[in-house]
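Shown next: upload.cif, containing mmCIF, C-alpha atoms.
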data_query
loop_
_atom_site.label_atom_id
_atom_site.label_comp_id
_atom_site.auth_asym_id
_atom_site.auth_seq_id
_atom_site.Cartn_x
_atom_site.Cartn_y
_atom_site.Cartn_z
CA MET A 1 77.40 72.88 -30.92
CA ASN A 2 78.59 71.53 -34.28
CA ALA A 3 78.69 74.08 -37.11
CA ARG A 4 77.10 71.69 -39.61
CA GLN A 5 73.62 70.32 -39.17
CA VAL A 6 73.04 66.59 -39.62
CA VAL A 7 70.51 64.59 -41.58
CA THR A 8 69.90 61.22 -39.97
CA PHE A 9 68.36 58.33 -41.85
CA ASP A 10 66.65 55.07 -41.26
CA CYS A 11 68.31 52.62 -43.63
CA TYR A 12 66.02 49.74 -44.53
CA ARG A 13 63.23 50.69 -46.95
CA THR A 14 64.39 54.30 -46.72
CA LEU A 15 67.81 54.03 -48.38
CA VAL A 16 67.96 50.30 -49.15
CA ASP A 17 65.24 48.24 -50.84
CA PHE A 18 65.10 45.85 -47.91
CA ASP A 19 62.00 43.69 -48.34
CA LEU A 20 62.15 40.41 -46.44
CA ASN A 21 58.60 39.44 -47.36
CA ARG A 22 59.35 39.76 -51.06
CA GLU A 23 62.25 37.32 -50.68
CA THR A 24 60.43 35.02 -48.27
CA LEU A 25 57.51 34.18 -50.55
CA PRO A 26 59.50 32.28 -53.22
CA ILE A 27 61.11 30.24 -50.43
CA VAL A 28 57.83 29.09 -48.88
CA ARG A 29 55.27 29.47 -51.70
CA ASP A 30 55.08 25.80 -52.70
CA ARG A 31 54.59 24.67 -49.12
CA LEU A 32 51.96 27.35 -48.48
CA ASP A 33 50.08 26.32 -51.63
CA GLU A 34 50.30 22.64 -50.74
CA ILE A 35 48.31 23.12 -47.54
CA GLY A 36 46.19 26.08 -48.70
CA VAL A 37 47.67 28.95 -46.69
CA GLY A 38 47.05 32.38 -48.21
CA HIS A 39 50.21 34.24 -49.17
CA ASP A 40 49.02 37.60 -47.86
CA VAL A 41 47.92 36.12 -44.54
CA PHE A 42 51.26 34.44 -44.02
CA LEU A 43 53.32 37.49 -44.96
CA ASP A 44 51.25 39.83 -42.80
CA ASP A 45 51.65 37.50 -39.81
CA LEU A 46 55.38 37.41 -40.48
CA ARG A 47 55.57 41.21 -40.55
CA VAL A 48 53.75 41.46 -37.21
CA MET A 49 55.98 38.81 -35.65
CA ARG A 50 59.11 40.69 -36.72
CA PHE A 51 57.80 43.87 -35.10
CA GLN A 52 57.07 41.93 -31.93
CA GLY A 53 60.57 40.47 -32.11
CA VAL A 54 62.33 43.81 -32.24
CA VAL A 55 60.36 45.37 -29.38
CA GLN A 56 60.86 42.44 -27.01
CA ARG A 57 63.43 42.65 -24.24
CA PRO A 58 66.17 41.74 -23.65
CA TYR A 59 67.92 42.70 -26.88
CA ARG A 60 68.55 39.96 -29.45
CA ARG A 61 70.49 40.18 -32.71
CA TYR A 62 68.47 40.99 -35.81
CA ARG A 63 69.72 37.89 -37.62
CA ASP A 64 68.29 35.76 -34.80
CA ILE A 65 64.98 37.59 -34.94
CA VAL A 66 64.73 36.99 -38.69
CA ARG A 67 65.38 33.29 -38.24
CA ASP A 68 63.05 32.77 -35.29
CA THR A 69 60.14 34.73 -36.71
CA LEU A 70 60.34 32.80 -39.98
CA GLU A 71 60.35 29.50 -38.11
CA HIS A 72 57.53 30.55 -35.76
CA CYS A 73 55.31 31.86 -38.55
CA MET A 74 55.75 28.64 -40.48
CA LEU A 75 54.91 26.70 -37.32
CA LEU A 76 51.78 28.83 -36.83
CA HIS A 77 50.56 27.89 -40.30
CA GLY A 78 51.62 24.25 -40.21
CA VAL A 79 54.46 24.68 -42.71
CA GLU A 80 57.70 22.74 -42.38
CA PHE A 81 60.70 24.95 -41.54
CA ARG A 82 64.14 24.06 -42.85
CA ASP A 83 67.48 25.58 -41.86
CA GLU A 84 68.18 26.35 -45.51
CA ASP A 85 65.08 28.57 -45.57
CA TYR A 86 66.79 31.01 -43.23
CA ASP A 87 70.15 30.65 -45.01
CA ARG A 88 68.53 31.54 -48.32
CA LEU A 89 66.62 34.48 -46.83
CA ILE A 90 69.57 36.07 -45.03
CA ALA A 91 71.76 35.65 -48.13
CA ALA A 92 69.13 37.53 -50.12
CA ALA A 93 68.95 40.21 -47.42
CA GLU A 94 72.70 40.77 -47.56
CA GLY A 95 72.34 41.54 -51.26
CA PHE A 96 69.50 44.06 -51.10
CA PRO A 97 70.34 47.14 -53.23
CA ALA A 98 70.06 50.85 -52.55
CA PHE A 99 67.10 52.58 -54.17
CA PRO A 100 68.30 54.09 -57.45
CA GLU A 101 67.98 57.76 -56.46
CA VAL A 102 69.68 57.40 -53.07
CA PRO A 103 73.41 57.81 -53.86
CA ASP A 104 72.98 61.02 -55.85
CA ALA A 105 70.68 62.52 -53.21
CA LEU A 106 73.13 61.72 -50.43
CA ARG A 107 76.07 63.18 -52.34
CA ARG A 108 74.17 66.42 -52.77
CA LEU A 109 73.26 66.54 -49.08
CA LYS A 110 76.90 66.06 -48.07
CA GLU A 111 77.72 69.42 -49.64
CA ARG A 112 76.03 71.10 -46.69
CA TYR A 113 75.16 68.49 -44.06
CA ASP A 114 76.68 65.66 -42.12
CA ILE A 115 74.77 62.43 -42.74
CA ALA A 116 74.17 59.55 -40.35
CA ILE A 117 72.24 56.28 -40.11
CA LEU A 118 70.22 54.85 -37.24
CA THR A 119 69.29 51.32 -38.21
CA ASN A 120 67.57 48.26 -36.77
CA SER A 121 70.48 46.12 -37.92
CA ASP A 122 73.50 44.20 -36.70
CA ASP A 123 77.08 45.43 -36.87
CA ASP A 124 77.96 42.61 -39.28
CA LEU A 125 74.88 43.05 -41.49
CA ILE A 126 74.81 46.80 -42.15
CA PRO A 127 78.20 46.87 -43.99
CA TYR A 128 76.63 44.99 -46.92
CA HIS A 129 74.13 47.82 -47.31
CA LEU A 130 76.61 50.63 -46.75
CA ASP A 131 78.58 49.14 -49.64
CA ALA A 132 75.40 49.04 -51.74
CA ILE A 133 74.75 52.74 -51.04
CA GLY A 134 78.34 53.66 -51.86
CA VAL A 135 78.35 57.03 -50.06
CA PRO A 136 80.30 57.35 -46.79
CA PHE A 137 78.35 58.34 -43.68
CA ASP A 138 79.69 60.41 -40.82
CA HIS A 139 78.06 58.13 -38.24
CA VAL A 140 76.36 54.73 -38.34
CA VAL A 141 74.45 53.60 -35.24
CA THR A 142 72.98 50.10 -35.10
CA ALA A 143 70.50 48.40 -32.83
CA GLU A 144 73.36 46.17 -31.72
CA GLN A 145 75.28 49.20 -30.47
CA ALA A 146 72.18 50.62 -28.76
CA ARG A 147 71.09 47.22 -27.44
CA ALA A 148 67.61 48.30 -28.47
CA TYR A 149 65.54 48.64 -31.63
CA LYS A 150 63.46 51.50 -32.91
CA PRO A 151 60.75 52.44 -32.01
CA ARG A 152 62.16 52.14 -28.47
CA ARG A 153 63.49 55.42 -27.13
CA GLU A 154 66.82 53.82 -26.19
CA ALA A 155 67.73 53.42 -29.85
CA PHE A 156 67.33 57.15 -30.49
CA GLU A 157 69.12 58.01 -27.26
CA LYS A 158 72.15 56.10 -28.56
CA LEU A 159 72.05 58.21 -31.71
CA PHE A 160 71.95 61.42 -29.66
CA GLU A 161 74.91 60.15 -27.62
CA VAL A 162 77.00 59.51 -30.74
CA LEU A 163 76.21 62.67 -32.70
CA PRO A 164 78.14 65.87 -31.96
CA GLN A 165 75.07 67.84 -33.04
CA THR A 166 72.27 68.77 -30.66
CA ARG A 167 68.68 67.73 -31.30
CA ASP A 168 67.79 71.12 -32.76
CA GLN A 169 70.41 70.47 -35.48
CA ILE A 170 68.94 67.10 -36.55
CA THR A 171 66.63 66.36 -39.46
CA HIS A 172 65.47 62.73 -39.30
CA VAL A 173 64.41 61.05 -42.56
CA ALA A 174 62.64 57.70 -42.64
CA GLN A 175 60.15 55.53 -44.47
CA GLY A 176 59.17 53.60 -41.34
CA TRP A 177 56.02 55.13 -39.92
CA GLU A 178 55.76 53.06 -36.74
CA TYR A 179 59.52 52.65 -36.30
CA ASP A 180 60.57 56.29 -36.86
CA ILE A 181 57.88 58.87 -37.54
CA MET A 182 55.60 57.99 -34.63
CA PRO A 183 58.27 57.71 -31.89
CA THR A 184 60.24 60.80 -32.93
CA LYS A 185 57.36 63.20 -32.37
CA ALA A 186 58.22 63.60 -28.68
CA LEU A 187 62.02 63.43 -28.95
CA GLY A 188 62.82 67.07 -29.66
CA ILE A 189 64.22 66.47 -33.16
CA HIS A 190 64.28 69.71 -35.17
CA ARG A 191 62.64 68.34 -38.33
CA ARG A 192 61.22 65.02 -39.48
CA VAL A 193 60.73 63.86 -43.05
CA TRP A 194 58.57 60.88 -43.98
CA VAL A 195 59.63 59.07 -47.16
CA ASN A 196 56.22 57.71 -48.12
CA ARG A 197 57.42 55.36 -50.84
CA TYR A 198 54.33 53.17 -50.75
CA GLY A 199 51.58 55.79 -50.70
CA VAL A 200 50.13 54.85 -47.32
CA LYS A 201 48.01 57.14 -45.14
CA GLY A 202 49.70 59.14 -42.40
CA SER A 203 48.10 60.88 -39.43
CA ASP A 204 47.63 64.49 -38.46
CA HIS A 205 48.33 63.46 -34.86
CA TYR A 206 52.05 63.06 -35.65
CA HIS A 207 52.54 66.40 -37.38
CA PRO A 208 54.65 68.38 -37.92
CA TYR A 209 56.51 66.35 -40.52
CA ASP A 210 57.30 66.80 -44.21
CA GLU A 211 56.29 64.11 -46.67
CA ILE A 212 58.17 63.12 -49.83
CA ARG A 213 57.79 60.24 -52.28
CA ASP A 214 61.45 59.27 -52.45
CA LEU A 215 64.91 60.68 -51.71
CA SER A 216 65.15 62.55 -55.00
CA GLU A 217 62.90 65.22 -53.42
CA LEU A 218 64.98 65.62 -50.25
CA PRO A 219 67.82 67.93 -51.37
CA ALA A 220 65.39 70.59 -52.62
CA LEU A 221 63.30 70.24 -49.46
CA LEU A 222 66.43 70.94 -47.41
CA GLY A 223 67.49 73.93 -49.44
CA LEU A 224 69.90 72.44 -51.97
#
As structure tokens, what does this structure read like?
Amino acid sequence: MNARQVVTFDCYRTLVDFDLNRETLPIVRDRLDEIGVGHDVFLDDLRVMRFQGVVQRPYRRYRDIVRDTLEHCMLLHGVEFRDEDYDRLIAAAEGFPAFPEVPDALRRLKERYDIAILTNSDDDLIPYHLDAIGVPFDHVVTAEQARAYKPRREAFEKLFEVLPQTRDQITHVAQGWEYDIMPTKALGIHRRVWVNRYGVKGSDHYHPYDEIRDLSELPALLGL
């Protein structure tokens, strides 16, 4: 058993302001407006398609899922897809920043805890966001390494394989309700913290979990 406990994090929308829909709309807006497709309808369909993409088997790289779901959603709504649409979107994704409070919160946590990431990302995509965060992690586990995406159990099992800590030494912190908070209820993780950045409704069914608004509240919650 490792002497230090570990705080594990989802990365996208927990640590990094990773919002593909926000960057997609300027790319497709004119074409949506031209044929009368509602922006919210299109973006919600795109979100659902991405979720379907990550839970499908066999494993596919996240970059490929982003491209294919964009193309398929545009096809669904009768919008012309262009290769440069994907190029523009993935370039924007590579430049997504960390949320402002994240670096300081992580530095405080490192005084007492190891920190790790479990992310639905590719090995060649996550370095852009680690650089944006600017705080070194003890472990970074990607979907590419696990050959599976959260919320599938295999993704978390890869994390448990990599960490020297046991499950009763892990606190898992995430914004993603369906990707992280729901599936971790049955995994034996010591403590779970939901970063409810967007003020959405949770569920008593998935308690116990702590709820915070952003990472600035996490150090105090964990005794720092």
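For the choices A:Arg57, A:Lys110, A:His39, A:Arg29, the atom-to-atom distance to A:Glu80 is smallest for A:Arg29 when using only C-alpha atoms.
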Response to the item:
Restricting to all atoms listed in the file, whichever of A:Leu221, A:Ala93, A:Ala155, A:Leu46 is closest to A:Leu187 is A:Ala155
Discussion item. Can you tell me which residues surround stretch 203-214 of chain A at a distance of at most 7 Å, considering all atoms listed in the file, apart from same-chain residues fewer than 5 positions away, and format the answer as JSON, numbers by chain?
Written reply: {"A": [182, 185, 191, 192, 193, 194, 195, 196, 197]}
Mind working out the centre and edge lengths of an axis-aligned box for stretch 121-124 of chain A, all listed atoms inside, 5 Å added to each side, rounded to one decimal in Å and written as lines of an AutoDock Vina configuration file?
center_x = 74.2
center_y = 44.4
center_z = -38.0
size_x = 17.5
size_y = 13.5
size_z = 12.6
Practice prompt. Please write as a PyMOL selection string the full residue list that the PyMOL selection byres ((chain A and resi 82) around 12) yields on this file.
Written response: chain A and resi 27-28+31+67-68+70-72+74-75+79-81+83-89
What's around stretch 58-64 of chain A at 7 Å? Count all atoms listed in the file, leave out sequence neighbours fewer than 2 positions away in its own chain, and write the answer as a compact mmCIF listing (two decimals) with C-alpha atoms, in the frame of the given file.
# COMPACT_ATOMS: atom_id res chain seq x y z
CA GLN A 56 60.86 42.44 -27.01
CA VAL A 66 64.73 36.99 -38.69
CA ARG A 67 65.38 33.29 -38.24
CA ASP A 68 63.05 32.77 -35.29
CA SER A 121 70.48 46.12 -37.92
CA ASP A 122 73.50 44.20 -36.70
CA GLU A 144 73.36 46.17 -31.72
CA ARG A 147 71.09 47.22 -27.44
CA ALA A 148 67.61 48.30 -28.47
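Ranking A:Ala92, A:Cys73, A:Leu130, A:Val141 by their shortest atom-to-atom distance to A:Val48, with only C-alpha atoms included, puts A:Cys73 first.
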Worksheet item: Looking at only C-alpha atoms, which of A:Ala186, A:Leu15, A:Val102, A:Ile35 is the one that sits closest to A:Arg153?
Response: A:Ala186
Would you please take stretch 192-215 of chain A of the structure in the block above and write N, CA and C atoms to a file as a PDB file, in the first residue's frame?
ATOM      1  N   ARG A 192     -15.728  10.059  -4.007  1.00  0.00           N
ATOM      2  CA  ARG A 192     -15.983  10.632  -5.328  1.00  0.00           C
ATOM      3  C   ARG A 192     -16.450  12.071  -5.155  1.00  0.00           C
ATOM      4  N   VAL A 193     -15.935  12.930  -6.025  1.00  0.00           N
ATOM      5  CA  VAL A 193     -16.272  14.353  -5.956  1.00  0.00           C
ATOM      6  C   VAL A 193     -16.751  14.798  -7.323  1.00  0.00           C
ATOM      7  N   TRP A 194     -17.965  15.347  -7.357  1.00  0.00           N
ATOM      8  CA  TRP A 194     -18.557  15.829  -8.606  1.00  0.00           C
ATOM      9  C   TRP A 194     -18.304  17.329  -8.720  1.00  0.00           C
ATOM     10  N   VAL A 195     -17.623  17.735  -9.775  1.00  0.00           N
ATOM     11  CA  VAL A 195     -17.384  19.146 -10.060  1.00  0.00           C
ATOM     12  C   VAL A 195     -18.550  19.624 -10.927  1.00  0.00           C
ATOM     13  N   ASN A 196     -19.567  20.141 -10.295  1.00  0.00           N
ATOM     14  CA  ASN A 196     -20.794  20.513 -11.005  1.00  0.00           C
ATOM     15  C   ASN A 196     -20.680  21.951 -11.516  1.00  0.00           C
ATOM     16  N   ARG A 197     -19.842  22.126 -12.519  1.00  0.00           N
ATOM     17  CA  ARG A 197     -19.554  23.451 -13.062  1.00  0.00           C
ATOM     18  C   ARG A 197     -20.779  24.108 -13.685  1.00  0.00           C
ATOM     19  N   TYR A 198     -21.713  23.328 -14.166  1.00  0.00           N
ATOM     20  CA  TYR A 198     -22.795  23.871 -14.985  1.00  0.00           C
ATOM     21  C   TYR A 198     -24.144  23.832 -14.274  1.00  0.00           C
ATOM     22  N   GLY A 199     -24.132  23.548 -12.978  1.00  0.00           N
ATOM     23  CA  GLY A 199     -25.341  23.648 -12.182  1.00  0.00           C
ATOM     24  C   GLY A 199     -26.452  22.709 -12.603  1.00  0.00           C
ATOM     25  N   VAL A 200     -26.090  21.488 -13.028  1.00  0.00           N
ATOM     26  CA  VAL A 200     -27.112  20.533 -13.436  1.00  0.00           C
ATOM     27  C   VAL A 200     -27.550  19.696 -12.237  1.00  0.00           C
ATOM     28  N   LYS A 201     -28.666  18.987 -12.397  1.00  0.00           N
ATOM     29  CA  LYS A 201     -29.230  18.213 -11.295  1.00  0.00           C
ATOM     30  C   LYS A 201     -28.575  16.843 -11.228  1.00  0.00           C
ATOM     31  N   GLY A 202     -28.170  16.437 -10.025  1.00  0.00           N
ATOM     32  CA  GLY A 202     -27.625  15.114  -9.812  1.00  0.00           C
ATOM     33  C   GLY A 202     -28.721  14.119  -9.470  1.00  0.00           C
ATOM     34  N   SER A 203     -28.358  13.072  -8.721  1.00  0.00           N
ATOM     35  CA  SER A 203     -29.328  12.042  -8.363  1.00  0.00           C
ATOM     36  C   SER A 203     -28.914  11.395  -7.051  1.00  0.00           C
ATOM     37  N   ASP A 204     -29.880  11.280  -6.152  1.00  0.00           N
ATOM     38  CA  ASP A 204     -29.606  10.618  -4.882  1.00  0.00           C
ATOM     39  C   ASP A 204     -29.181   9.161  -5.074  1.00  0.00           C
ATOM     40  N   HIS A 205     -29.578   8.567  -6.187  1.00  0.00           N
ATOM     41  CA  HIS A 205     -29.265   7.162  -6.433  1.00  0.00           C
ATOM     42  C   HIS A 205     -27.758   6.913  -6.449  1.00  0.00           C
ATOM     43  N   TYR A 206     -26.981   7.933  -6.865  1.00  0.00           N
ATOM     44  CA  TYR A 206     -25.539   7.745  -7.028  1.00  0.00           C
ATOM     45  C   TYR A 206     -24.733   8.248  -5.833  1.00  0.00           C
ATOM     46  N   HIS A 207     -25.399   8.627  -4.767  1.00  0.00           N
ATOM     47  CA  HIS A 207     -24.675   8.956  -3.538  1.00  0.00           C
ATOM     48  C   HIS A 207     -24.041   7.681  -2.965  1.00  0.00           C
ATOM     49  N   PRO A 208     -22.947   7.816  -2.196  1.00  0.00           N
ATOM     50  CA  PRO A 208     -22.394   9.073  -1.677  1.00  0.00           C
ATOM     51  C   PRO A 208     -21.398   9.712  -2.638  1.00  0.00           C
ATOM     52  N   TYR A 209     -21.496  11.003  -2.806  1.00  0.00           N
ATOM     53  CA  TYR A 209     -20.482  11.797  -3.495  1.00  0.00           C
ATOM     54  C   TYR A 209     -20.543  13.213  -2.929  1.00  0.00           C
ATOM     55  N   ASP A 210     -19.415  13.904  -2.959  1.00  0.00           N
ATOM     56  CA  ASP A 210     -19.375  15.327  -2.626  1.00  0.00           C
ATOM     57  C   ASP A 210     -19.605  16.132  -3.889  1.00  0.00           C
ATOM     58  N   GLU A 211     -20.119  17.331  -3.728  1.00  0.00           N
ATOM     59  CA  GLU A 211     -20.382  18.201  -4.880  1.00  0.00           C
ATOM     60  C   GLU A 211     -19.734  19.557  -4.647  1.00  0.00           C
ATOM     61  N   ILE A 212     -18.960  20.014  -5.642  1.00  0.00           N
ATOM     62  CA  ILE A 212     -18.341  21.335  -5.592  1.00  0.00           C
ATOM     63  C   ILE A 212     -18.626  22.056  -6.893  1.00  0.00           C
ATOM     64  N   ARG A 213     -18.441  23.376  -6.875  1.00  0.00           N
ATOM     65  CA  ARG A 213     -18.724  24.171  -8.079  1.00  0.00           C
ATOM     66  C   ARG A 213     -17.535  24.222  -9.025  1.00  0.00           C
ATOM     67  N   ASP A 214     -16.339  24.247  -8.485  1.00  0.00           N
ATOM     68  CA  ASP A 214     -15.139  24.230  -9.309  1.00  0.00           C
ATOM     69  C   ASP A 214     -13.978  23.758  -8.434  1.00  0.00           C
ATOM     70  N   LEU A 215     -12.782  23.672  -9.016  1.00  0.00           N
ATOM     71  CA  LEU A 215     -11.663  23.062  -8.294  1.00  0.00           C
ATOM     72  C   LEU A 215     -11.132  23.931  -7.159  1.00  0.00           C
TER      73      LEU A 215
END
